[in-house]
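Pasting model-v3.txt here (compact mmCIF, C-alpha atoms):
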# COMPACT_ATOMS: atom_id res chain seq x y z
CA MET U 1 0.00 0.00 0.00
CA LYS U 2 2.91 2.34 0.79
CA LEU U 3 4.48 1.68 -2.68
CA ASN U 4 1.19 2.59 -4.44
CA ALA U 5 1.08 5.95 -2.64
CA ILE U 6 4.66 6.77 -3.67
CA ALA U 7 3.89 5.89 -7.32
CA ILE U 8 0.78 8.15 -7.34
CA LEU U 9 2.79 11.04 -5.89
CA SER U 10 5.49 10.65 -8.58
CA ILE U 11 2.88 10.74 -11.36
CA ALA U 12 1.35 13.91 -9.85
CA VAL U 13 4.68 15.77 -9.82
CA SER U 14 5.35 14.76 -13.47
CA ALA U 15 1.90 15.98 -14.57
CA MET U 16 2.35 19.33 -12.81
CA PHE U 17 5.65 19.85 -14.58
CA ALA U 18 4.06 19.12 -18.02
CA LEU U 19 1.09 21.45 -17.39
CA SER U 20 3.40 24.28 -16.32
CA CYS U 21 5.30 23.94 -19.62
CA VAL U 22 2.02 24.19 -21.61
CA ALA U 23 0.90 27.23 -19.63
CA SER U 24 4.17 29.00 -20.28
CA ALA U 25 3.83 28.42 -24.02
CA THR U 26 0.22 29.74 -24.17
CA THR U 27 0.95 32.88 -22.10
CA ALA U 28 3.76 34.10 -24.30
CA VAL U 29 2.79 37.61 -25.65
CA SER U 30 4.42 38.95 -28.82
CA THR U 31 5.73 42.50 -28.82
CA PRO U 32 3.72 44.89 -31.11
CA GLU U 33 5.45 45.70 -34.31
CA LYS U 34 6.55 49.29 -34.83
CA GLY U 35 4.24 51.41 -36.85
CA GLY U 36 1.15 49.31 -36.17
CA ASN U 37 -2.32 50.65 -35.31
CA ILE U 38 -2.45 51.29 -31.54
CA THR U 39 -6.17 50.61 -31.20
CA ASP U 40 -5.92 47.32 -33.00
CA LYS U 41 -2.95 46.31 -30.92
CA ALA U 42 -4.81 47.14 -27.70
CA LYS U 43 -7.76 45.00 -28.70
CA GLU U 44 -5.45 42.18 -29.65
CA LEU U 45 -3.72 42.42 -26.27
CA ASP U 46 -7.04 42.45 -24.44
CA GLY U 47 -8.09 39.23 -26.23
CA VAL U 48 -4.86 37.52 -25.37
CA LEU U 49 -5.25 38.45 -21.67
CA LYS U 50 -8.80 37.09 -21.60
CA ALA U 51 -7.63 33.87 -23.25
CA ASN U 52 -4.75 33.53 -20.74
CA LYS U 53 -7.14 34.10 -17.81
CA SER U 54 -9.38 31.27 -19.00
CA SER U 55 -6.38 28.95 -19.54
CA ASN U 56 -4.99 29.65 -16.04
CA PHE U 57 -8.37 28.93 -14.47
CA ASP U 58 -8.61 25.59 -16.29
CA PHE U 59 -5.04 24.77 -15.30
CA GLY U 60 -5.69 25.46 -11.61
CA LYS U 61 -8.87 23.43 -11.73
CA SER U 62 -6.96 20.48 -13.22
CA VAL U 63 -4.21 20.72 -10.65
CA GLY U 64 -6.77 20.89 -7.84
CA GLY U 65 -8.58 17.83 -9.18
CA PHE U 66 -5.29 15.94 -9.40
CA PHE U 67 -4.33 16.70 -5.80
CA LYS U 68 -7.83 15.77 -4.68
CA SER U 69 -7.39 12.36 -6.33
CA VAL U 70 -3.94 11.93 -4.77
CA GLY U 71 -5.28 12.91 -1.35
CA GLY U 72 -8.14 10.43 -1.70
CA ALA U 73 -5.74 7.64 -2.67
CA LEU U 74 -3.41 8.42 0.26
CA GLY U 75 -6.34 8.55 2.62
CA ALA U 76 -7.58 5.16 1.45
CA ALA U 77 -4.09 3.69 1.79
CA GLY U 78 -3.71 5.07 5.32
CA SER U 79 -7.12 3.76 6.29
CA ALA U 80 -6.25 0.28 4.97
CA ILE U 81 -2.87 0.25 6.79
CA GLY U 82 -4.54 1.37 9.99
CA SER U 83 -7.17 -1.33 9.72
CA GLY U 84 -4.47 -3.97 9.11
CA LEU U 85 -2.46 -2.84 12.15
CA VAL U 86 -5.58 -2.96 14.31
CA VAL U 87 -6.28 -6.55 13.18
CA PHE U 88 -2.62 -7.53 13.79
CA GLY U 89 -2.70 -5.99 17.26
CA LYS U 90 -5.87 -7.85 18.14
CA GLY U 91 -4.29 -11.11 16.91
CA LEU U 92 -1.17 -10.58 19.08
CA VAL U 93 -3.33 -9.82 22.09
CA PHE U 94 -5.28 -13.04 21.50
CA VAL U 95 -2.14 -15.19 21.07
CA PHE U 96 -0.45 -13.84 24.20
CA SER U 97 -3.69 -14.19 26.10
CA VAL U 98 -3.91 -17.89 25.16
CA ILE U 99 -0.23 -18.51 26.02
CA GLY U 100 -0.57 -16.69 29.32
CA SER U 101 -3.69 -18.63 30.23
CA GLY U 102 -2.01 -21.95 29.37
CA LEU U 103 1.11 -21.17 31.43
CA GLY U 104 -0.99 -20.01 34.31
CA ALA U 105 -3.07 -23.19 34.26
CA ALA U 106 0.11 -25.34 34.05
CA PHE U 107 1.70 -23.66 37.07
CA VAL U 108 -1.52 -23.92 39.03
CA TRP U 109 -1.64 -27.68 38.23
CA LEU U 110 2.01 -28.16 39.23
CA GLY U 111 1.36 -26.27 42.45
CA LYS U 112 -1.44 -28.67 43.29
CA VAL U 113 0.42 -31.87 42.26
CA LEU U 114 3.90 -31.30 43.74
CA PRO U 115 2.99 -31.18 47.47
CA PRO U 116 1.15 -34.57 47.44
CA LEU U 117 3.93 -36.10 45.32
CA GLY U 118 6.64 -34.87 47.69
CA ALA U 119 4.67 -36.13 50.68
CA ALA U 120 4.29 -39.55 49.05
CA MET U 121 8.03 -39.79 48.32
CA TRP U 122 8.88 -38.78 51.87
CA ASN U 123 6.50 -41.34 53.33
CA GLY U 124 8.03 -44.00 51.09
CA ILE U 125 11.57 -43.15 52.25
CA VAL U 126 10.47 -43.19 55.89
CA PHE U 127 8.79 -46.57 55.38
CA ILE U 128 11.88 -48.11 53.70
CA PHE U 129 14.28 -46.96 56.39
CA GLY U 130 11.81 -47.97 59.07
CA ALA U 131 11.62 -51.48 57.58
CA ILE U 132 15.43 -51.69 57.35
CA GLY U 133 15.77 -50.55 60.95
CA SER U 134 13.20 -53.08 62.15
CA GLY U 135 14.94 -55.86 60.22
CA MET U 136 18.35 -54.95 61.69
CA VAL U 137 16.89 -54.90 65.20
CA TRP U 138 15.34 -58.34 64.66
CA LEU U 139 18.57 -59.74 63.15
CA VAL U 140 20.76 -58.43 65.97
CA GLY U 141 18.25 -59.77 68.50
CA ALA U 142 18.26 -63.18 66.83
CA ILE U 143 22.09 -63.27 66.77
CA GLY U 144 22.17 -62.26 70.43
CA THR U 145 19.67 -64.95 71.34
CA ALA U 146 21.67 -67.57 69.43
CA PHE U 147 24.95 -66.61 71.14
CA THR U 148 23.20 -66.60 74.49
CA ALA U 149 21.95 -70.13 73.85
CA ILE U 150 25.40 -71.26 72.67
CA GLY U 151 26.99 -69.68 75.76
CA ALA U 152 24.52 -71.42 78.06
CA LEU U 153 25.14 -74.75 76.29
CA LEU U 154 28.93 -74.41 76.57
CA SER U 155 28.61 -73.38 80.21
CA ASN U 156 26.49 -76.45 80.97
CA LEU U 157 28.90 -78.67 79.02
CA ALA U 158 31.88 -77.28 80.92
CA ALA U 159 30.09 -77.80 84.23
CA LEU U 160 29.27 -81.36 83.21
CA ILE U 161 32.88 -82.09 82.19
CA TRP U 162 34.21 -80.54 85.39
CA SER U 163 31.78 -82.58 87.46
CA LEU U 164 33.43 -85.73 86.11
CA LYS U 165 36.77 -84.87 87.72
CA PRO U 166 37.95 -87.89 89.83
CA ASN U 167 38.33 -87.44 93.54
CA GLY U 168 41.90 -86.75 94.58
CA MET U 169 42.87 -85.08 91.26
CA THR U 170 43.74 -81.40 91.38
CA ASP U 171 42.09 -78.81 89.09
CA VAL U 172 45.39 -78.21 87.27
CA GLN U 173 45.88 -81.90 86.54
CA TYR U 174 42.34 -82.32 85.31
CA GLY U 175 42.56 -79.20 83.12
CA ALA U 176 45.77 -80.45 81.49
CA ILE U 177 44.18 -83.82 80.74
CA MET U 178 41.12 -82.14 79.18
CA ALA U 179 43.30 -79.83 77.01
CA GLY U 180 45.38 -82.75 75.76
CA SER U 181 42.24 -84.72 74.99
CA ALA U 182 40.81 -81.77 72.96
CA CYS U 183 44.01 -81.41 70.91
CA GLY U 184 44.17 -85.12 70.26
CA THR U 185 40.52 -85.23 69.17
CA GLY U 186 41.05 -82.29 66.75
CA GLY U 187 44.13 -83.89 65.17
CA ALA U 188 42.39 -87.22 64.79
CA SER U 189 39.38 -85.56 63.14
CA TYR U 190 41.58 -83.78 60.59
CA GLY U 191 43.44 -87.01 59.78
CA ILE U 192 40.19 -88.90 59.26
CA TRP U 193 38.82 -86.16 56.96
CA TYR U 194 42.05 -86.14 54.93
CA TRP U 195 41.95 -89.87 54.27
CA VAL U 196 38.22 -89.80 53.52
CA LYS U 197 38.93 -87.26 50.74
CA LYS U 198 41.72 -89.43 49.43
CA VAL U 199 39.96 -92.77 49.25
CA ALA U 200 36.23 -91.94 49.06
CA PRO U 201 34.72 -92.95 45.67
CA GLY U 202 32.00 -91.34 43.58
CA GLY U 203 30.27 -88.52 45.42
CA MET U 204 33.41 -87.33 47.23
CA GLY U 205 35.13 -86.59 43.92
CA LEU U 206 34.31 -82.88 44.22
CA PHE U 207 36.59 -82.62 47.23
CA THR U 208 39.59 -84.41 45.73
CA ARG U 209 42.39 -83.10 43.53
CA ILE U 210 41.87 -84.00 39.88
CA PRO U 211 44.70 -86.25 38.59
CA ARG U 212 46.95 -84.40 36.10
CA GLU U 213 46.25 -86.88 33.30
CA GLU U 214 42.48 -86.33 33.66
CA ILE U 215 42.53 -82.54 33.91
CA LEU U 216 41.62 -81.96 30.24
CA GLN U 217 38.65 -84.33 30.15
CA ASN U 218 36.36 -81.38 30.95
CA GLU U 219 35.33 -79.66 27.68
CA THR U 220 35.39 -76.09 29.05
CA ARG U 221 38.77 -76.64 30.68
CA ARG U 222 40.12 -78.06 27.43
CA GLN U 223 38.93 -74.96 25.51
CA ILE U 224 40.66 -72.66 28.01
CA TYR U 225 43.90 -74.64 27.77
CA SER U 226 43.83 -74.53 23.96
CA ALA U 227 43.22 -70.76 24.01
CA ILE U 228 46.27 -70.30 26.27
CA GLN U 229 48.37 -72.42 23.87
CA ARG U 230 47.24 -70.30 20.89
CA ASN U 231 47.63 -66.97 22.70
CA PRO U 232 50.63 -67.04 25.06
CA GLY U 233 50.33 -64.26 27.63
CA ILE U 234 46.52 -64.06 27.48
CA ASN U 235 44.87 -62.78 30.66
CA MET U 236 41.71 -63.80 32.52
CA SER U 237 39.44 -61.14 30.98
CA GLN U 238 40.55 -62.01 27.45
CA LEU U 239 39.92 -65.72 28.07
CA SER U 240 36.41 -65.03 29.33
CA GLN U 241 35.57 -62.74 26.39
CA GLN U 242 37.12 -64.87 23.62
CA LEU U 243 35.48 -68.10 24.76
CA ASN U 244 32.23 -66.46 25.91
CA ILE U 245 32.55 -68.13 29.31
CA GLY U 246 31.42 -66.55 32.57
CA TRP U 247 34.07 -64.94 34.75
CA GLY U 248 33.55 -67.27 37.70
CA THR U 249 33.69 -70.38 35.50
CA THR U 250 36.90 -69.13 33.83
CA VAL U 251 38.58 -68.48 37.20
CA HIS U 252 37.59 -71.94 38.46
CA HIS U 253 39.01 -73.86 35.49
CA VAL U 254 42.18 -71.74 35.28
CA LYS U 255 42.82 -72.52 38.95
CA LYS U 256 42.42 -76.25 38.23
CA LEU U 257 44.89 -75.99 35.33
CA GLU U 258 47.40 -74.21 37.59
CA GLU U 259 47.01 -76.84 40.33
CA ALA U 260 47.73 -79.54 37.77
CA THR U 261 50.81 -77.51 36.60
CA LYS U 262 49.42 -77.44 33.06
CA ILE U 263 49.81 -73.67 32.85
CA HIS U 264 52.01 -70.99 34.40
CA ALA U 265 50.99 -67.43 35.34
CA GLU U 266 53.10 -64.29 35.23
CA ASN U 267 51.98 -61.01 36.83
CA MET U 268 52.33 -58.20 34.27
CA ASN U 269 50.90 -54.68 34.62
CA ASN U 270 48.65 -55.78 37.51
CA GLU U 271 47.28 -58.68 35.44
CA ARG U 272 47.93 -62.43 35.50
CA CYS U 273 49.06 -63.60 32.08
CA PHE U 274 48.97 -67.35 31.34
CA PHE U 275 51.36 -69.62 29.42
CA GLU U 276 51.53 -73.31 28.64
CA ASN U 277 53.74 -74.99 31.24
CA GLY U 278 55.55 -77.48 29.05
CA GLY U 279 59.12 -76.28 28.61
CA THR U 280 58.05 -73.94 25.81
CA PHE U 281 58.75 -70.52 27.37
CA SER U 282 61.62 -69.21 29.44
CA LYS U 283 61.07 -66.64 32.14
CA GLU U 284 62.31 -63.86 29.86
CA SER U 285 60.13 -65.05 26.98
CA MET U 286 57.00 -64.96 29.12
CA VAL U 287 57.74 -61.48 30.46
CA LYS U 288 58.49 -60.17 26.96
CA THR U 289 55.43 -61.82 25.38
CA ALA U 290 53.06 -60.51 28.02
CA ALA U 291 54.51 -56.98 27.90
CA LEU U 292 54.31 -56.81 24.10
CA LYS U 293 50.72 -58.02 23.73
CA ASP U 294 49.77 -54.42 22.91
CA GLY U 295 50.50 -53.49 19.29
CA THR U 296 51.90 -50.05 20.12
CA ALA U 297 54.26 -51.46 22.77
CA LYS U 298 55.43 -54.09 20.29
CA SER U 299 56.15 -51.42 17.63
CA ILE U 300 58.11 -49.31 20.12
CA PHE U 301 60.15 -52.33 21.25
CA GLY U 302 60.92 -53.26 17.63
CA PHE U 303 62.03 -49.71 16.80
CA ILE U 304 64.36 -49.55 19.82
CA GLU U 305 65.72 -53.00 18.91
CA LYS U 306 66.60 -51.78 15.39
CA ASN U 307 67.81 -48.34 16.56
CA PRO U 308 69.72 -48.75 19.86
CA GLY U 309 70.18 -45.45 21.68
CA THR U 310 67.16 -43.81 20.04
CA SER U 311 65.08 -41.12 21.77
CA GLN U 312 61.35 -40.89 22.51
CA LYS U 313 61.07 -37.90 20.14
CA ARG U 314 62.47 -39.94 17.26
CA ILE U 315 60.08 -42.82 18.07
CA CYS U 316 57.12 -40.39 17.92
CA GLU U 317 58.23 -38.98 14.57
CA SER U 318 59.00 -42.37 13.00
CA LEU U 319 55.92 -44.28 14.23
CA GLY U 320 53.46 -41.37 14.17
CA VAL U 321 52.41 -42.01 17.79
CA ARG U 322 51.45 -39.29 20.29
CA PRO U 323 54.29 -38.34 22.71
CA SER U 324 52.09 -39.06 25.76
CA LEU U 325 51.32 -42.60 24.53
CA VAL U 326 54.99 -43.32 23.72
CA SER U 327 56.01 -42.05 27.18
CA TRP U 328 53.40 -44.33 28.83
CA HIS U 329 54.56 -47.48 27.01
CA VAL U 330 58.27 -46.67 27.51
CA THR U 331 57.66 -46.27 31.25
CA LYS U 332 55.83 -49.64 31.41
CA LEU U 333 58.57 -51.43 29.47
CA GLU U 334 61.21 -49.88 31.72
CA GLN U 335 59.32 -50.97 34.86
CA GLU U 336 59.23 -54.55 33.56
CA GLY U 337 63.01 -54.38 32.97
CA ILE U 338 62.64 -54.92 29.21
CA ILE U 339 64.27 -51.65 28.12
CA ASN U 340 66.81 -49.30 29.69
CA ARG U 341 66.52 -45.52 29.79
CA ASN U 342 70.02 -43.98 29.77
CA ARG U 343 70.67 -40.28 30.44
CA ASN U 344 72.68 -38.35 27.83
CA GLY U 345 73.04 -34.83 29.18
CA LYS U 346 69.53 -33.37 29.25
CA SER U 347 67.99 -36.15 27.16
CA PHE U 348 67.54 -39.92 27.41
CA SER U 349 68.51 -42.73 25.06
CA LEU U 350 66.67 -46.05 24.97
CA THR U 351 68.19 -49.52 24.62
CA ILE U 352 66.99 -53.11 25.01
CA ASN U 353 67.91 -54.91 28.23
CA GLU U 354 70.46 -57.63 27.43
CA LYS U 355 68.17 -60.32 28.90
CA PHE U 356 65.59 -59.53 26.20
CA ASP U 357 67.96 -58.78 23.34
CA ILE U 358 67.81 -61.75 20.95
CA SER U 359 71.43 -61.29 19.87
CA LYS U 360 72.75 -61.20 23.46
CA ALA U 361 70.16 -63.04 25.56
CA LYS U 362 71.10 -66.12 27.53
CA GLU U 363 67.67 -67.33 28.52
CA THR U 364 67.06 -69.24 31.72
CA PRO U 365 65.54 -72.71 31.44
CA ALA U 366 61.93 -72.83 30.33
CA VAL U 367 59.09 -73.60 32.69
Could I get this structure in the form of C-alpha cells?
Amino acid sequence: MKLNAIAILSIAVSAMFALSCVASATTAVSTPEKGGNITDKAKELDGVLKANKSSNFDFGKSVGGFFKSVGGALGAAGSAIGSGLVVFGKGLVFVFSVIGSGLGAAFVWLGKVLPPLGAAMWNGIVFIFGAIGSGMVWLVGAIGTAFTAIGALLSNLAALIWSLKPNGMTDVQYGAIMAGSACGTGGASYGIWYWVKKVAPGGMGLFTRIPREEILQNETRRQIYSAIQRNPGINMSQLSQQLNIGWGTTVHHVKKLEEATKIHAENMNNERCFFENGGTFSKESMVKTAALKDGTAKSIFGFIEKNPGTSQKRICESLGVRPSLVSWHVTKLEQEGIINRNRNGKSFSLTINEKFDISKAKETPAV
C-alpha cells in the first residue's frame, strides 16, 4: 500500500511539470510591431489576456482535481494500513492471552500436584528406612539370642565335664588332661577327613584333587587350555571374552589348570598372564610376550631394537604415535626391565635390556 502511494505522488509531480510547460507556451505575448495601429494592438492584447485568464483557471482546476485524487488515494491507503495494524494488534493480544492462560493453568496444576507427590516420596523413604531398621533390630536380636543359647550350652557342658573330675585329682591336673584330649581329638578328626577325601569314591570326587592326566577331560577346561596355547600371555578377561565363558567359571578352570601344573601365570601390569607350562617358554620369553601383547608397545620395542640409543622424540616422529602414549609405554617397558633408559646430558637414550635382546640373551631354562 505504501508503494502505491509513492507511485501516485510521482505521477502527480510529473503531470504538474508538463502542465506548467504548456501554460508558459500559451501565455507568451508577442511584442507589437513598430508602426502598427495602436487601437488594434490594444484589442489584440485584451483578447490575449482574456484567453490567458481562462487557460490559467482551467489549469488550476486540473491541478486541484489531481491533488484531490492523490489525497483520496493516500487517505484510502492510510485507512487500509490502519485497519491492518488494528487486526494484527488484536491477533497478538489473543495469542499472548492464550499462552498466558495456558502457562498459568500449568503452574496452578504443578502447584497442586507437587505437594502430594513430595509427601508420598517422603512417606516411602520413611517406610523403607523404618523397615530396614526393624529388620536390623530383629537380626541383631536373633544373633544375640543364638549366642546366648550357645553360651549357656557351653557353660552347661563345661560344668558337666568338670563334674566328672575324679576325687583326689587337682584342678590343674584335670585341666591339662582335658586340654590334651581336645588337641588329640582335633588332630584325629583332621586325619580322618584327609583320608576320607583321598579314598572316598564317587560322590566325594568334588573334594579331591583331579589327577593331572584327567585334567583336560572337561570340555570347558580343554577350551581354556587350547586358548592359552594359541595366545601365550593371554589374561583372565581375554579368556572369558574370547570363549564367551562366565568370569567365575573361567577363574575356576584356570585354577584347576594351575594346580595340575598345566599352565604358568606371570603377573604383568597388575594382570595375570597365562602360558603353557611345558618347557616352551623361558622366564624372559614370558615377560616379553606378556609386555608386548599391545601393538603399540610391540612397535616401540621393535624400533628400539633396530635403533639402539634412540630417543622418545624420534620414536614419535618415526611411528606417528602421540608423545604421551609413547612415554606411557616406555615407562611400562622400563618398569618390567625390558628396556633401559640412559641419560645423555639433558635427554635420554633407549636400549633393550640384554636379557631380552635376541642377539645377546642367555635365557634361563623354560618352565
Do a neighbour search on segment 252-263 of chain U at 7 Å with only C-alpha atoms, toss out local chain neighbours closer than 4 positions, and write the hits as a PyMOL selection string. chain U and resi 212+221+248+274-277
Students should find that atom CA of Asn340 of chain U and atom CA of Ile352 of chain U are spaced 6.0 Å
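Pairwise distance (atom CA of Gln312 of chain U, atom CA of Thr331 of chain U) equals 10.9 Å.
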Give me the residues near Asn342 of chain U as number ranges by chain, where near means some atom within 9 Å (using all atoms listed in the file) and where sequence neighbours in that chain fewer than 4 positions away do not count. U: 309, 347-351
Which value, in Å to one decimal, gives the distance between atom CA of Asn123 of chain U and atom CA of Gly104 of chain U? 29.5 Å
